[in-house]
Amino acid sequence: MPVIEIENLTKDFLVGFWKKRPVRALDNVSLQVEQGEIFGFLGPNGAGKSTTLKILMHLLHPTSGATRILGDPVDSVGMRRRIGFLPENPYFYDYLTPEELLTYIGRLFGIRQPVLSQKVRTLLETVGLADARSVQLRKFSKGMVQRIGIAQAIINDPEIVFLDEPMSGLDPLGRMEVRRIITALKAAGVTVFFSSHILPDVEALCDRVAILNKGKLQEVGVLEDILKVRIEGHEVILAGWSDETLKTIRRSCEEVRTMGDRLHVRIGSREQMEPVLKYVFEERLELISMNPIRPSLEEYFFQELKR
Amino acid sequence: MTRILVIAKNTFRENVRDKVLYNLILFALIMIFTSLIIGQLSLGNEVKIILDLGLASISIFGMLIAIFLGIGLVYKELDKRTIYVLLAKPVRRHEFILGKYLGLLYTLLVNVAVMTVGLELALLYQGETAWSVFLNLLPAVFMIYLSLALVTALALLFSTFSTPALSALFTFFLWIIGHFGRDLLYFGELSKSVFVNWICAGIYYVIPNLSIFKIMGSRHIIQSLSFYRPMDPSVVAAAFFYCLLYCAVILSLSIAIFLRRDFK
């Protein structure tokens with residue numbers, strides 16, 4: 001059963017001082033997110049990712065279309081008890097400490113003491129801020145703010161977590177940390193919907209992705225499927241080769257490189273593959289690996305955007 | 001209701017940790033204690049001078065606190081985007097507005113209380129020991145507090161759709177015009193043109209009538225002292241209900257604007 005449903009969502013912003021004219025930020029976007037999956041929402045800056053998330057959070061009113069979360073309309077307060085949200089570049093009250101902020105948010109969910117203090121303590125440990133519990137937030141680094149942001153998003157043990165660019169502005173260690181938290185959420189059965197333009201993170205985490213560009217949905221599906229369509233060949237790595245091998249293989253493949261005692265062969269098509277593999281088995285060469293060459297999400301992304 | 005109180009409590013904490021507040025209270029207290037010195041110059045009218053200056057200080061600095069903190073109530077949350085976090089929680093938009101408003105009312109209550117204690121101390125220092133003066137000061141201060149509640153509601157209304165500078169300007173102008181509402185009505189009545197008459201009457205009924213909160217000044221307090229006459233509670237009650245009604249209308253308007261808003 002889908003837990004997030006977006007149907008024909010369109011959003012126009014009115015711009016201009018005197019003559020207001022509409023600018024389309026989202027154009028007829030439809031997608032569904034299933035329970036328990038990590039769903040990546042990809043697109044360059046200004047693609048409409050944040051707009052979609054804000055409509056889902058009822059911060060923006062859509063021009064047309066329907067959105068439902070956990071079967072409820074997005075303005076349902078009851079539904080919002082069951083979800084968590086981390087906005088892009090979050091900012092919290094300067095004058096509060098992490099402990100006070102989490103207590104404040106927890107109270108809005110109606111969590112009572114002493115459960116609340118226990119929960120706040122555990123959360124601060126989960127996101128690695130236990131030592132900074134009484135430091136005012138204005139003294140926090142960007143990474144720390146992001147982590148407290150994640151903590152406030154999961155204080156109510158949500159069924160779905162929405163994260164808007166959770167990795168932006170973080171150092172590699174911080175990104176690793178966020179990845180760990182997202183993986184742990186999935187293991188606990190939480191659905192994670194996150195937008196990002198940091199592709200390696202998306203590649204490492206997501207079950208399915210949607211690609212958005214200029215307000216239009218380009219593609220939705222399993223990442224492997226989206227990229228598999230574009231397999232550009234295979235790379236075969238061999239060991240125990242001789243000059244004779246090199247000469248023979250070069251007859252069917254152009255791209256052959258030697259790296260130390262290894263031979264890297266790039267096979268472009270099925271016709272090229274057969275003679276090479278036949279030769280390898282006949283001569284009893286050592287086959288180290290054979291991998292499909294597909295574009296990274298990054299390359300795919302650029303190709304898509306250029307089209 | 002719980003959520004409104006949770007937001008109110010946090011707003012109070014936000015205000016208490018704001019340095020502007022302390023500066024304003026400090027100035028108010030300095031003003032009140034300066035009245036002791038000015039009182040010395042006024043041969044025999046010390047208590048009246050202290051009361052006049054003291055009540056004026058509470059009113060003016062209270063207004064400044066209400067405007068400075070009031071215009072920031074919503075705007076700061078929008079500007080720093082903390083509103084995204086808050087409204088994605090199980091919080092209805094009207095609960096947010098009401099919580100913010102109540103939080104500032106509570107801040108103002110504490111401030112006015114501090115300034116009142118300062119004024120009472122100044123009176124005590126002057127040698128004033130009549131209980132009726134201390135007790136009768138309370139309704140006068142309560143009336144000021146009501147006018148501040150109204151100013152806060154106005155500041156909140158403007159901050160839901162305008163920038164802080166404009167909001168402060170609008171609120172400050174309304175505060176000034178509000179004190180002269182009745183004069184505007186008389187002006188209209190004096191005019192021969194029906195049109196001017198209507199316009200003036202229209203403005204009089206729309207703008208807040210802050211003059212009704214001024215009825216209880218030093219004169220009344222001192223009169224009550226010399227004639228042992230208790231204050232007329234119906235005046236306070238009328239002002240209270242006027243304030244309640246006016247604030248309800250202004251807050252409803254703020255909520256209506258806030259409900260339609262897109263948070264980009």
# chains A, B, ... in the order shown; residues from 1 in each chain; ligands from 1
>>> select_by_dssp(residues="region 7-129 of chain A", states="alpha helix (DSSP H)", output="count of residues only")
35
>>> interface_residues(of="chain B", to="chain A", cutoff="10 Å", atoms="only C-alpha atoms", output="ChimeraX atom specification")
/B:2-7,9-10,13-18,76-77,80-92,259-264
>>> residues_around(residues="region 204-208 of chain A", least_positions_apart="4", cutoff="9 Å", atoms="only C-alpha atoms", output="list of chain:residue names")
A:Val33, A:Glu37, A:Ile38, A:Phe39, A:Gly40, A:Phe41, A:Arg179, A:Ile182, A:Thr183, A:Leu199, A:Pro200, A:Val220, A:Gly221, A:Val222, A:Leu223, A:Glu224
>>> residues_around(residues="region 289-296 of chain A", least_positions_apart="2", cutoff="9 Å", atoms="only C-alpha atoms", output="list of chain:residue names")
A:Leu199, A:Pro200, A:Glu203, A:Leu227, A:Lys228, A:Val229, A:Arg230, A:Ile231, A:Glu232, A:Gly233, A:His234, A:Glu235, A:Val236, A:Ile237, A:Leu238, A:Arg266, A:Leu287, A:Glu298, A:Glu299, A:Tyr300, A:Phe301
>>> closest_residue(among="B:Tyr204, B:Leu119, B:Leu104, B:Ala56", to="Leu69 (chain B)", atoms="only C-alpha atoms")
B:Leu104
>>> closest_residue(among="B:Thr116, B:Ser42, B:Thr34, B:Gln126", to="Phe142 (chain B)", atoms="only C-alpha atoms")
B:Thr116
